[in-house]
file entry14.tsv (TSV, C-alpha atoms)
chain	number	residue	atom	x	y	z
Z	1002	MET	CA	0.00	0.00	0.00
Z	1003	THR	CA	1.39	3.38	-0.99
Z	1004	THR	CA	1.93	6.22	1.46
Z	1005	ARG	CA	-0.78	8.19	-0.31
Z	1006	MET	CA	-3.30	5.40	0.17
Z	1007	LYS	CA	-2.37	5.18	3.85
Z	1008	HIS	CA	-3.15	8.90	4.16
Z	1009	LEU	CA	-6.51	8.44	2.47
Z	1010	GLU	CA	-7.49	5.68	4.91
Z	1011	CYS	CA	-6.00	7.23	8.06
Z	1012	GLU	CA	-9.35	7.68	9.72
Z	1013	ASP	CA	-10.26	3.96	9.73
Z	1014	ASN	CA	-8.46	3.34	13.02
Z	1015	LEU	CA	-10.81	5.60	15.01
Z	1016	PRO	CA	-14.60	6.09	15.00
Z	1017	ILE	CA	-15.61	9.13	12.98
Z	1018	ASP	CA	-17.54	10.57	15.95
Z	1019	LEU	CA	-14.38	10.47	18.06
Z	1020	ILE	CA	-12.36	12.11	15.27
Z	1021	ARG	CA	-14.97	14.86	15.05
Z	1022	GLU	CA	-14.83	15.53	18.80
Z	1023	ILE	CA	-11.03	15.71	18.73
Z	1024	LEU	CA	-10.98	18.06	15.76
Z	1025	LEU	CA	-13.58	20.36	17.32
Z	1026	ARG	CA	-11.10	21.11	20.12
Z	1027	LEU	CA	-8.41	22.39	17.75
Z	1028	PRO	CA	-7.85	26.02	16.68
Z	1029	VAL	CA	-9.06	27.12	13.27
Z	1030	ARG	CA	-5.58	27.62	11.82
Z	1031	LEU	CA	-4.63	24.04	12.64
Z	1032	LEU	CA	-7.93	22.69	11.27
Z	1033	LEU	CA	-7.24	24.38	7.94
Z	1034	GLN	CA	-3.88	22.63	7.77
Z	1035	LEU	CA	-5.41	19.25	8.64
Z	1036	LYS	CA	-7.77	19.36	5.67
Z	1037	ILE	CA	-4.97	17.90	3.53
Z	1038	VAL	CA	-4.54	14.79	5.74
Z	1039	CYS	CA	-7.19	12.80	3.87
Z	1040	ARG	CA	-10.35	13.23	1.83
Z	1041	SER	CA	-12.75	12.44	4.64
Z	1042	TRP	CA	-11.09	14.97	6.99
Z	1043	ASN	CA	-11.28	17.59	4.26
Z	1044	SER	CA	-14.95	16.82	3.72
Z	1045	LEU	CA	-15.69	16.88	7.46
Z	1046	ILE	CA	-13.86	20.12	8.22
Z	1047	SER	CA	-15.34	21.82	5.13
Z	1048	SER	CA	-18.95	20.93	5.99
Z	1049	PRO	CA	-21.37	23.63	7.26
Z	1050	GLU	CA	-22.39	21.33	10.13
Z	1051	PHE	CA	-18.82	21.07	11.41
Z	1052	ALA	CA	-18.37	24.84	11.02
Z	1053	ASN	CA	-21.46	25.44	13.16
Z	1054	HIS	CA	-20.32	23.00	15.85
Z	1055	GLN	CA	-16.86	24.57	15.91
Z	1056	LEU	CA	-18.43	28.03	16.24
Z	1057	GLN	CA	-20.65	26.92	19.14
Z	1058	ARG	CA	-17.68	25.43	20.99
Z	1059	SER	CA	-15.54	28.48	20.31
Z	1060	THR	CA	-18.27	30.75	21.69
Z	1061	LEU	CA	-18.14	28.80	24.96
Z	1062	THR	CA	-14.35	28.49	25.29
Z	1063	GLN	CA	-13.58	32.06	24.11
Z	1064	PRO	CA	-10.19	31.66	22.37
Z	1065	PRO	CA	-8.23	34.84	21.59
Z	1066	PRO	CA	-10.04	36.82	18.87
Z	1067	LEU	CA	-8.53	38.41	15.79
Z	1068	LEU	CA	-8.19	42.18	15.65
Z	1069	CYS	CA	-9.24	43.49	12.24
Z	1070	TRP	CA	-9.11	46.98	10.75
Z	1071	LYS	CA	-9.11	48.99	7.55
Z	1072	VAL	CA	-7.91	52.57	7.40
Z	1073	PRO	CA	-10.95	54.63	6.33
Z	1074	LYS	CA	-10.99	56.41	2.96
Z	1075	ARG	CA	-7.82	54.66	1.82
Z	1076	ALA	CA	-7.24	52.01	-0.78
Z	1077	GLY	CA	-5.64	48.90	0.57
Z	1078	ASP	CA	-6.17	45.67	2.44
Z	1079	VAL	CA	-8.16	44.57	5.43
Z	1080	MET	CA	-5.51	43.88	8.07
Z	1081	HIS	CA	-5.69	41.50	11.02
Z	1082	CYS	CA	-3.58	39.94	13.76
Z	1083	SER	CA	-4.12	37.70	16.76
Z	1084	SER	CA	-4.86	39.45	20.04
Z	1085	GLN	CA	-2.73	36.83	21.77
Z	1086	SER	CA	0.24	37.67	19.54
Z	1087	LEU	CA	0.03	41.31	20.64
Z	1088	ILE	CA	0.15	40.23	24.28
Z	1089	LEU	CA	3.22	38.10	23.57
Z	1090	ASP	CA	4.81	40.71	21.31
Z	1091	ARG	CA	8.55	40.66	21.94
Z	1092	GLN	CA	11.69	41.09	19.89
Z	1093	HIS	CA	12.06	37.31	19.63
Z	1094	GLN	CA	8.35	36.78	18.86
Z	1095	PRO	CA	7.10	39.72	16.81
Z	1096	THR	CA	3.44	40.07	15.92
Z	1097	THR	CA	2.55	38.76	12.47
Z	1098	PHE	CA	-0.13	40.47	10.39
Z	1099	GLY	CA	-2.44	39.03	7.77
Z	1100	SER	CA	-4.07	40.98	4.96
Z	1101	HIS	CA	-6.84	40.60	2.40
Z	1102	PRO	CA	-7.46	42.73	-0.72
Z	1103	ALA	CA	-10.32	45.16	-0.10
Z	1104	ASP	CA	-9.79	48.25	-2.25
Z	1105	GLY	CA	-12.71	50.62	-1.92
Z	1106	LYS	CA	-14.39	48.58	0.82
Z	1107	VAL	CA	-14.84	49.48	4.50
Z	1108	ILE	CA	-15.56	47.19	7.48
Z	1109	TRP	CA	-18.94	47.90	9.06
Z	1110	GLY	CA	-19.52	44.87	11.25
Z	1111	SER	CA	-18.22	41.59	12.69
Z	1112	CYS	CA	-20.13	38.47	13.67
Z	1113	ASN	CA	-19.28	34.75	14.04
Z	1114	GLY	CA	-15.93	35.13	12.27
Z	1115	LEU	CA	-17.36	37.10	9.33
Z	1116	LEU	CA	-16.63	40.73	8.47
Z	1117	CYS	CA	-19.26	42.76	6.63
Z	1118	LEU	CA	-17.63	45.01	4.01
Z	1119	LEU	CA	-19.43	47.88	2.29
Z	1120	GLN	CA	-18.39	49.68	-0.85
Z	1121	GLY	CA	-19.42	53.13	-2.04
Z	1122	TYR	CA	-21.55	55.81	-0.44
Z	1123	PRO	CA	-24.49	55.64	-0.75
Z	1124	PHE	CA	-23.62	51.97	-0.52
Z	1125	ASP	CA	-23.35	49.99	-3.73
Z	1126	THR	CA	-22.49	46.49	-2.50
Z	1127	LEU	CA	-22.09	44.31	0.59
Z	1128	THR	CA	-19.48	41.56	0.88
Z	1129	LEU	CA	-18.81	38.97	3.59
Z	1130	LEU	CA	-15.20	38.05	4.39
Z	1131	ASN	CA	-13.83	35.34	6.67
Z	1132	PRO	CA	-10.25	36.46	7.45
Z	1133	SER	CA	-9.38	33.12	9.08
Z	1134	THR	CA	-10.15	31.00	6.01
Z	1135	ARG	CA	-9.34	33.80	3.54
Z	1136	SER	CA	-12.67	33.21	1.81
Z	1137	VAL	CA	-14.99	35.94	0.58
Z	1138	SER	CA	-18.46	36.01	-0.89
Z	1139	PRO	CA	-19.21	37.68	-4.21
Z	1140	SER	CA	-20.45	41.23	-3.67
Z	1141	VAL	CA	-24.23	41.57	-3.26
Z	1142	PRO	CA	-25.96	44.70	-4.63
Z	1143	PHE	CA	-27.34	46.93	-1.89
Z	1144	GLU	CA	-30.35	48.07	-3.88
Z	1145	CYS	CA	-32.15	50.13	-1.29
Z	1146	SER	CA	-32.24	53.84	-0.65
Z	1147	HIS	CA	-32.32	55.87	2.52
Z	1148	LYS	CA	-32.79	59.55	3.31
Z	1149	CYS	CA	-30.51	60.03	6.28
Z	1150	GLY	CA	-27.44	61.19	4.37
Z	1151	LYS	CA	-24.31	60.42	6.37
Z	1152	LEU	CA	-26.14	60.53	9.71
Z	1153	VAL	CA	-26.59	56.79	9.98
Z	1154	PHE	CA	-25.69	53.92	12.29
Z	1155	PHE	CA	-24.92	50.34	11.27
Z	1156	GLY	CA	-24.83	46.79	12.56
Z	1157	PHE	CA	-24.18	43.27	11.31
Z	1158	GLY	CA	-25.37	40.17	13.12
Z	1159	TYR	CA	-26.90	36.71	13.04
Z	1160	ASP	CA	-30.54	35.69	13.47
Z	1161	ILE	CA	-30.20	32.18	14.93
Z	1162	LEU	CA	-33.92	31.36	14.68
Z	1163	HIS	CA	-34.04	31.86	10.91
Z	1164	ASP	CA	-30.34	31.02	10.28
Z	1165	GLN	CA	-29.80	34.36	8.52
Z	1166	TYR	CA	-27.19	37.12	8.62
Z	1167	LYS	CA	-28.58	40.64	8.60
Z	1168	PHE	CA	-27.21	44.14	8.07
Z	1169	VAL	CA	-29.08	46.97	9.83
Z	1170	MET	CA	-28.87	50.67	9.05
Z	1171	GLY	CA	-30.82	53.50	10.67
Z	1172	CYS	CA	-30.85	57.26	11.19
Z	1173	ARG	CA	-28.70	58.51	14.07
Z	1174	GLY	CA	-31.25	61.17	15.01
Z	1175	SER	CA	-34.12	60.75	17.46
Z	1176	SER	CA	-37.42	59.32	16.26
Z	1177	LEU	CA	-39.15	62.16	18.10
Z	1178	ILE	CA	-37.56	64.78	15.86
Z	1179	THR	CA	-40.19	65.91	13.35
Z	1180	ASP	CA	-38.20	65.07	10.27
Z	1181	SER	CA	-39.45	62.94	7.41
Z	1182	LYS	CA	-35.93	61.53	7.01
Z	1183	VAL	CA	-36.08	60.04	10.49
Z	1184	ARG	CA	-39.63	58.80	10.13
Z	1185	SER	CA	-38.62	56.87	7.00
Z	1186	GLY	CA	-37.56	53.96	9.22
Z	1187	ALA	CA	-34.51	51.73	9.61
Z	1188	ILE	CA	-33.38	49.30	6.91
Z	1189	VAL	CA	-32.81	45.58	7.48
Z	1190	PHE	CA	-30.92	43.76	4.71
Z	1191	THR	CA	-31.05	39.95	4.86
Z	1192	PHE	CA	-28.33	37.88	3.17
Z	1193	GLY	CA	-29.31	34.72	1.31
Z	1194	ALA	CA	-29.72	33.05	-2.07
Z	1195	ASN	CA	-32.38	35.71	-2.69
Z	1196	PRO	CA	-31.25	38.68	-0.59
Z	1197	PHE	CA	-33.87	41.23	0.32
Z	1198	TRP	CA	-34.34	44.36	2.39
Z	1199	LYS	CA	-37.23	45.94	4.20
Z	1200	THR	CA	-38.00	48.95	6.37
Z	1201	VAL	CA	-38.79	48.66	10.08
Z	1202	ASP	CA	-39.95	51.30	12.53
Z	1203	HIS	CA	-37.44	53.36	14.46
Z	1204	PRO	CA	-37.71	53.43	18.28
Z	1205	VAL	CA	-40.55	55.50	19.73
Z	1206	PHE	CA	-38.23	56.97	22.39
Z	1207	PRO	CA	-35.73	59.82	21.75
Z	1208	TYR	CA	-32.10	58.93	21.08
Z	1209	ASP	CA	-28.99	60.17	19.34
Z	1210	ILE	CA	-25.64	58.47	18.77
Z	1211	HIS	CA	-22.42	60.06	19.94
Z	1212	GLY	CA	-19.14	58.55	18.79
Z	1213	THR	CA	-18.88	55.27	16.89
Z	1214	SER	CA	-21.91	54.18	14.86
Z	1215	ASN	CA	-20.98	50.47	14.63
Z	1216	GLY	CA	-23.28	48.12	16.51
Z	1217	ILE	CA	-21.91	45.31	18.70
Z	1218	PHE	CA	-23.44	41.86	18.16
Z	1219	VAL	CA	-24.18	39.64	21.15
Z	1220	SER	CA	-26.93	37.10	21.99
Z	1221	GLY	CA	-28.90	37.69	18.80
Z	1222	THR	CA	-28.95	41.48	19.21
Z	1223	LEU	CA	-27.13	44.57	17.96
Z	1224	ASN	CA	-26.23	47.26	20.49
Z	1225	TRP	CA	-25.18	50.92	20.38
Z	1226	ILE	CA	-24.42	53.50	23.10
Z	1227	VAL	CA	-26.75	56.48	22.65
Z	1228	TYR	CA	-28.01	59.41	24.69
Z	1229	ASP	CA	-31.32	61.19	25.22
Z	1230	PRO	CA	-31.15	64.53	23.32
Z	1231	THR	CA	-34.28	65.89	25.03
Z	1232	ILE	CA	-32.55	66.39	28.39
Z	1233	SER	CA	-31.73	70.09	28.56
Z	1234	THR	CA	-29.47	70.22	31.63
Z	1235	SER	CA	-26.06	71.74	31.01
Z	1236	TYR	CA	-24.21	69.24	33.16
Z	1237	GLU	CA	-25.36	65.74	32.35
Z	1238	PHE	CA	-26.16	63.37	29.52
Z	1239	GLU	CA	-28.45	60.40	30.02
Z	1240	TRP	CA	-26.67	57.53	28.29
Z	1241	PHE	CA	-28.26	54.17	27.55
Z	1242	LEU	CA	-28.05	51.18	25.20
Z	1243	LEU	CA	-30.06	51.13	22.00
Z	1244	THR	CA	-30.71	47.48	21.11
Z	1245	PHE	CA	-32.09	45.71	18.03
Z	1246	ASP	CA	-33.39	42.14	18.24
Z	1247	LEU	CA	-32.48	40.41	14.96
Z	1248	GLU	CA	-35.20	37.79	15.41
Z	1249	THR	CA	-38.16	40.10	16.13
Z	1250	GLU	CA	-36.61	43.09	14.30
Z	1251	LEU	CA	-37.64	45.43	17.09
Z	1252	PHE	CA	-35.66	48.19	18.84
Z	1253	GLY	CA	-35.36	48.47	22.61
Z	1254	ARG	CA	-33.33	50.20	25.32
Z	1255	LEU	CA	-31.27	49.11	28.32
Z	1256	ARG	CA	-29.63	51.02	31.16
Z	1257	LEU	CA	-25.88	51.44	31.40
Z	1258	PRO	CA	-24.08	50.90	34.73
Z	1259	VAL	CA	-23.02	54.55	35.09
Z	1260	THR	CA	-24.53	57.92	34.13
Z	1261	ARG	CA	-21.74	60.44	33.69
Z	1262	SER	CA	-21.68	64.25	33.79
Z	1263	ARG	CA	-20.04	66.39	31.16
Z	1264	TYR	CA	-17.36	67.37	33.65
Z	1265	ASP	CA	-16.22	63.75	33.86
Z	1266	LEU	CA	-16.85	62.62	30.33
Z	1267	SER	CA	-16.65	64.60	27.12
Z	1268	GLU	CA	-17.13	61.53	24.95
Z	1269	MET	CA	-18.71	58.23	25.84
Z	1270	PRO	CA	-16.26	55.28	25.76
Z	1271	PRO	CA	-16.96	52.71	23.06
Z	1272	LEU	CA	-19.05	49.63	23.61
Z	1273	GLN	CA	-16.96	46.45	23.39
Z	1274	LEU	CA	-17.33	42.68	23.69
Z	1275	HIS	CA	-15.56	40.82	26.51
Z	1276	ASN	CA	-15.95	37.02	26.73
Z	1277	ASN	CA	-19.22	37.27	24.82
Z	1278	CYS	CA	-20.54	39.96	27.18
Z	1279	LEU	CA	-21.07	43.65	26.49
Z	1280	SER	CA	-18.48	45.82	28.22
Z	1281	VAL	CA	-17.80	49.52	28.79
Z	1282	CYS	CA	-14.54	50.96	30.11
Z	1283	TYR	CA	-15.18	54.27	31.91
Z	1284	PRO	CA	-12.32	56.77	32.32
Z	1285	THR	CA	-12.16	58.36	35.77
Z	1286	PRO	CA	-9.75	61.32	35.64
Z	1287	HIS	CA	-8.77	63.20	38.82
Z	1288	LYS	CA	-9.35	60.10	40.93
Z	1289	PRO	CA	-7.14	57.27	42.26
Z	1290	ILE	CA	-8.46	55.08	39.44
Z	1291	ILE	CA	-7.67	55.65	35.74
Z	1292	CYS	CA	-10.56	53.58	34.44
Z	1293	THR	CA	-13.07	50.90	35.42
Z	1294	LEU	CA	-14.35	48.08	33.23
Z	1295	TRP	CA	-17.98	46.96	33.53
Z	1296	ILE	CA	-19.54	43.92	31.85
Z	1297	MET	CA	-23.17	42.86	31.40
Z	1298	LYS	CA	-23.00	39.21	32.46
Z	1299	GLU	CA	-26.47	38.39	31.12
Z	1300	HIS	CA	-27.60	40.36	28.10
Z	1301	GLY	CA	-30.89	42.12	28.63
Z	1302	VAL	CA	-30.66	41.96	32.44
Z	1303	GLU	CA	-29.75	45.44	33.66
Z	1304	SER	CA	-28.98	44.22	37.17
Z	1305	SER	CA	-26.22	41.96	35.77
Z	1306	TRP	CA	-23.84	44.89	35.13
Z	1307	THR	CA	-20.72	44.04	37.15
Z	1308	LYS	CA	-17.50	45.96	37.76
Z	1309	LEU	CA	-14.81	43.59	36.51
Z	1310	LEU	CA	-11.62	45.56	37.10
Z	1311	ALA	CA	-10.09	48.94	37.84
Z	1312	ILE	CA	-6.69	50.26	36.75
Z	1313	PRO	CA	-5.09	52.52	39.39
Z	1314	PHE	CA	-2.78	55.49	39.02
Z	1315	ASP	CA	1.01	55.11	39.18
Z	1316	VAL	CA	1.25	52.07	36.91
Z	1317	GLY	CA	2.89	53.78	33.96
Z	1318	ILE	CA	-0.32	54.64	32.09
Z	1319	SER	CA	-1.33	58.25	31.58
Z	1320	PRO	CA	-4.39	59.15	33.66
Z	1321	TYR	CA	-5.84	61.18	30.81
Z	1322	VAL	CA	-6.63	58.36	28.41
Z	1323	SER	CA	-9.68	56.74	26.89
Z	1324	VAL	CA	-9.25	52.98	27.17
Z	1325	ALA	CA	-10.93	50.31	25.03
Z	1326	SER	CA	-10.59	46.88	26.64
Z	1327	LEU	CA	-10.05	44.23	23.95
Z	1328	TYR	CA	-9.15	40.89	25.53
Z	1329	ILE	CA	-8.06	39.30	28.82
Z	1330	SER	CA	-5.83	36.24	28.51
Z	1331	GLN	CA	-5.87	33.20	30.78
Z	1332	ASP	CA	-2.76	34.49	32.55
Z	1333	HIS	CA	-4.65	37.70	33.46
Z	1334	ASN	CA	-3.06	40.02	30.91
Z	1335	LEU	CA	-5.38	42.73	29.67
Z	1336	LEU	CA	-4.91	43.87	26.08
Z	1337	ALA	CA	-6.33	47.36	25.60
Z	1338	LEU	CA	-6.19	50.24	23.15
Z	1339	ASN	CA	-5.18	53.69	24.35
Z	1340	GLN	CA	-7.52	55.74	22.21
Z	1341	SER	CA	-5.71	58.94	23.09
Z	1342	ASP	CA	-2.55	57.98	21.17
Z	1343	GLY	CA	-3.82	54.94	19.24
Z	1344	ASN	CA	-1.35	52.43	20.74
Z	1345	PHE	CA	-1.98	49.08	22.43
Z	1346	PHE	CA	-0.83	48.29	25.92
Z	1347	VAL	CA	-0.75	45.10	28.01
Z	1348	TYR	CA	-1.57	45.34	31.72
Z	1349	ASN	CA	-1.30	42.43	34.17
Z	1350	LEU	CA	-4.34	42.38	36.47
Z	1351	ARG	CA	-2.77	40.14	39.11
Z	1352	GLN	CA	0.44	42.13	39.49
Z	1353	ASN	CA	-1.19	45.53	38.81
Z	1354	GLN	CA	1.57	46.59	36.48
Z	1355	LEU	CA	2.10	47.63	32.89
Z	1356	VAL	CA	3.70	44.77	30.94
Z	1357	SER	CA	4.34	46.36	27.56
Z	1358	ARG	CA	3.29	48.91	24.98
Z	1359	VAL	CA	2.72	47.87	21.37
Z	1360	PRO	CA	2.79	50.56	18.66
Z	1361	TYR	CA	-0.22	50.75	16.38
Z	1362	GLU	CA	0.47	52.53	13.11
Z	1363	HIS	CA	-3.12	53.10	11.98
Z	1364	PHE	CA	-4.40	55.74	14.38
Z	1365	GLY	CA	-8.04	56.55	13.57
Z	1366	ALA	CA	-8.86	53.16	12.06
Z	1367	CYS	CA	-11.79	51.42	13.73
Z	1368	LEU	CA	-10.89	48.06	15.29
Z	1369	PHE	CA	-13.17	45.05	15.08
Z	1370	LEU	CA	-12.89	41.91	17.21
Z	1371	CYS	CA	-13.40	38.88	14.99
Z	1372	GLN	CA	-13.90	35.37	16.33
Z	1373	GLU	CA	-11.88	32.79	14.40
Z	1374	SER	CA	-14.30	30.40	12.68
Z	1375	LEU	CA	-14.83	28.15	9.66
Z	1376	VAL	CA	-18.15	29.76	8.69
Z	1377	SER	CA	-18.37	30.11	4.92
Z	1378	PRO	CA	-19.34	33.64	3.85
Z	1379	SER	CA	-20.96	32.32	0.68
Z	1380	HIS	CA	-23.02	29.64	2.42
Z	1381	TYR	CA	-25.35	32.42	3.56
Z	1382	CYS	CA	-25.34	34.22	0.22
Z	1383	GLY	CA	-26.23	31.28	-2.01
Z	1384	LEU	CA	-23.13	31.99	-4.11
Z	1385	LYS	CA	-19.75	30.36	-4.67
Z	1386	THR	CA	-16.94	31.22	-2.25
Z	1387	ILE	CA	-13.88	33.04	-3.58
Z	1388	GLN	CA	-10.44	32.42	-2.04
Z	1389	VAL	CA	-8.24	35.51	-1.64
call {"tool": "encode", "arguments": {"input": "entry14.tsv", "output": "structure tokens"}}
result
Amino acid sequence: MTTRMKHLECEDNLPIDLIREILLRLPVRLLLQLKIVCRSWNSLISSPEFANHQLQRSTLTQPPPLLCWKVPKRAGDVMHCSSQSLILDRQHQPTTFGSHPADGKVIWGSCNGLLCLLQGYPFDTLTLLNPSTRSVSPSVPFECSHKCGKLVFFGFGYDILHDQYKFVMGCRGSSLITDSKVRSGAIVFTFGANPFWKTVDHPVFPYDIHGTSNGIFVSGTLNWIVYDPTISTSYEFEWFLLTFDLETELFGRLRLPVTRSRYDLSEMPPLQLHNNCLSVCYPTPHKPIICTLWIMKEHGVESSWTKLLAIPFDVGISPYVSVASLYISQDHNLLALNQSDGNFFVYNLRQNQLVSRVPYEHFGACLFLCQESLVSPSHYCGLKTIQV
């Protein structure tokens, strides 16, 4: 028997169910390499069922996510690197970066290992990219109009009940403002073999978005930090979460853990995802603490907001920074982005000390956390996948 034939029959020594369970515990990059072991492994790892099982397990175990970005208004590639590699960044183990061609496209959402790329403005096409597998869907025409101009917010997420990916776009202004542009409704675009879009009602309560307009996907919902523009006091904003349920396609609102005055906060910190929970990192200048990180342990339950950590003064980090928490490793190293200078830093939570600073050359580019997965971008578009 030739060596090649031995490779093709390598799986006969173990039950296929056991092989599947073993493979599901491996990282995506290794699984992609193992596809060449034999035909049956290639077929198994390439199947949508295996991709879904791997995604479900990954959601529970929370491996280090990819960090993805694209410099706005510039031609070039979508860039990405492992969050774990930034934590381990040293002279002897430098961070490696991956890239994918994306001229003219901008990232506007991340969900289940897929990036949603938009081209043109008003938008001409939508494209799904999996940076882990380097596969991309053909571009889908975005044949719907809106009347909000550039004052829009976005979100990309997954409706588990209907097994559909959806892109949501709405007007940033309050629904109580007497403006026909706002009353026109939000747009929901559904990917599929026959993609379609429809208009849904905006929230009935007043809101406006300050800062980033990208929604964060978690537990079947998209989420944005907004404020109530009808409060007229000179000293305080009322901040809250604007939510959109991708199954019911209805908007809602949730309380944030802290309401801040203008004296303490000139710009709301960004909403982030931490271990599949929404998180907000509040700066606290002029106090013994630089910032505090809160997480919502159970989405939709306002009482589940919990203070996870606080970074004190005198640890080598400027007190006048806006911090975006990105990932906490198993050895208690926090990877965060200093939004004041655009550089990463690593802070050890057990030792309460700064471990390292990692330069980031693309100040102003919006970062997206992307779970590594095998999900095929074209499986949900009804079109053939393209390798890049």
call {"tool": "atom_distance", "arguments": {"input": "entry14.tsv", "atom1": "CA of Leu1067 in chain Z", "atom2": "CA of Phe1241 in chain Z"}}
result
27.9 Å
call {"tool": "residues_near_point", "arguments": {"input": "entry14.tsv", "point": "(-10.8, 36.0, 1.1)", "cutoff": "12 Å", "atoms": "all atoms listed in the file", "output": "PyMOL selection string"}}
result
chain Z and resi 1078-1080+1099-1103+1115-1116+1118+1128-1140+1377-1379+1386-1389
call {"tool": "closest_residue", "arguments": {"input": "entry14.tsv", "among": "Z:Asp1160, Z:Asn1113, Z:Gln1352, Z:Asn1276", "to": "Asn1053 in chain Z", "atoms": "all atoms listed in the file"}}
result
Z:Asn1113
call {"tool": "residues_around", "arguments": {"input": "entry14.tsv", "residues": "Gly1186 in chain Z", "least_positions_apart": "5", "cutoff": "6 Å", "atoms": "all atoms listed in the file", "output": "number ranges by chain"}}
result
Z: 1200-1203
call {"tool": "residues_around", "arguments": {"input": "entry14.tsv", "residues": "Pro1196 in chain Z", "least_positions_apart": "2", "cutoff": "9 Å", "atoms": "all atoms listed in the file", "output": "ChimeraX atom specification"}}
result
/Z:1141-1142,1190-1194,1198,1382
call {"tool": "atom_distance", "arguments": {"input": "entry14.tsv", "atom1": "CA of Val1153 in chain Z", "atom2": "CA of Phe1369 in chain Z"}}
result
18.5 Å
call {"tool": "closest_residue", "arguments": {"input": "entry14.tsv", "among": "Z:Cys1172, Z:Gln1063, Z:Arg1040, Z:Ile1023", "to": "Gln1331 in chain Z", "atoms": "only C-alpha atoms"}}
result
Z:Gln1063
call {"tool": "closest_residue", "arguments": {"input": "entry14.tsv", "among": "Z:Gly1317, Z:Gly1158, Z:Pro1258, Z:Gly1110", "to": "Ser1214 in chain Z", "atoms": "only C-alpha atoms"}}
result
Z:Gly1110
call {"tool": "residues_around", "arguments": {"input": "entry14.tsv", "residues": "His1300 in chain Z", "least_positions_apart": "5", "cutoff": "9 Å", "atoms": "only C-alpha atoms", "output": "CSV table (one decimal) with C-alpha atoms, keeping the file's coordinate frame"}}
result
chain,number,residue,atom,x,y,z
Z,1219,VAL,CA,-24.2,39.6,21.2
Z,1220,SER,CA,-26.9,37.1,22.0
Z,1278,CYS,CA,-20.5,40.0,27.2
Z,1279,LEU,CA,-21.1,43.6,26.5
Z,1305,SER,CA,-26.2,42.0,35.8
call {"tool": "atom_distance", "arguments": {"input": "entry14.tsv", "atom1": "CA of Asn1195 in chain Z", "atom2": "CA of Gln1120 in chain Z"}}
result
19.9 Å
call {"tool": "residues_near_point", "arguments": {"input": "entry14.tsv", "point": "(-22.7, 49.2, 19.1)", "cutoff": "9 Å", "atoms": "all atoms listed in the file", "output": "MDAnalysis selection string"}}
result
chainID Z and resid 1154:1156 1213:1218 1223:1226 1242:1244 1271:1273
call {"tool": "write_last_selection", "arguments": {"input": "entry14.tsv", "atoms": "C-alpha atoms", "output": "PDB file, in the coordinates of the input"}}
result
ATOM      1  CA  PHE Z1154     -25.690  53.920  12.290  1.00  0.00           C
ATOM      2  CA  PHE Z1155     -24.920  50.340  11.270  1.00  0.00           C
ATOM      3  CA  GLY Z1156     -24.830  46.790  12.560  1.00  0.00           C
ATOM      4  CA  THR Z1213     -18.880  55.270  16.890  1.00  0.00           C
ATOM      5  CA  SER Z1214     -21.910  54.180  14.860  1.00  0.00           C
ATOM      6  CA  ASN Z1215     -20.980  50.470  14.630  1.00  0.00           C
ATOM      7  CA  GLY Z1216     -23.280  48.120  16.510  1.00  0.00           C
ATOM      8  CA  ILE Z1217     -21.910  45.310  18.700  1.00  0.00           C
ATOM      9  CA  PHE Z1218     -23.440  41.860  18.160  1.00  0.00           C
ATOM     10  CA  LEU Z1223     -27.130  44.570  17.960  1.00  0.00           C
ATOM     11  CA  ASN Z1224     -26.230  47.260  20.490  1.00  0.00           C
ATOM     12  CA  TRP Z1225     -25.180  50.920  20.380  1.00  0.00           C
ATOM     13  CA  ILE Z1226     -24.420  53.500  23.100  1.00  0.00           C
ATOM     14  CA  LEU Z1242     -28.050  51.180  25.200  1.00  0.00           C
ATOM     15  CA  LEU Z1243     -30.060  51.130  22.000  1.00  0.00           C
ATOM     16  CA  THR Z1244     -30.710  47.480  21.110  1.00  0.00           C
ATOM     17  CA  PRO Z1271     -16.960  52.710  23.060  1.00  0.00           C
ATOM     18  CA  LEU Z1272     -19.050  49.630  23.610  1.00  0.00           C
ATOM     19  CA  GLN Z1273     -16.960  46.450  23.390  1.00  0.00           C
TER      20      GLN Z1273
END
call {"tool": "axis_aligned_box", "arguments": {"input": "entry14.tsv", "around": "range 1042-1059 of chain Z", "padding_each_side": "4 Å", "output": "AutoDock Vina command-line options"}}
result
--center_x -16.7 --center_y 21.7 --center_z 12.4 --size_x 19.3 --size_y 21.5 --size_z 25.3
call {"tool": "closest_residue", "arguments": {"input": "entry14.tsv", "among": "Z:Cys1282, Z:Phe1197, Z:Val1107, Z:Leu1087", "to": "Pro1360 in chain Z", "atoms": "only C-alpha atoms"}}
result
Z:Leu1087
call {"tool": "closest_residue", "arguments": {"input": "entry14.tsv", "among": "Z:Leu1257, Z:Leu1025, Z:Leu1089, Z:Ile1290", "to": "Thr1062 in chain Z", "atoms": "only C-alpha atoms"}}
result
Z:Leu1025
call {"tool": "closest_residue", "arguments": {"input": "entry14.tsv", "among": "Z:Ser1357, Z:Thr1060, Z:Ser1319, Z:Ser1084", "to": "Gln1340 in chain Z", "atoms": "all atoms listed in the file"}}
result
Z:Ser1319
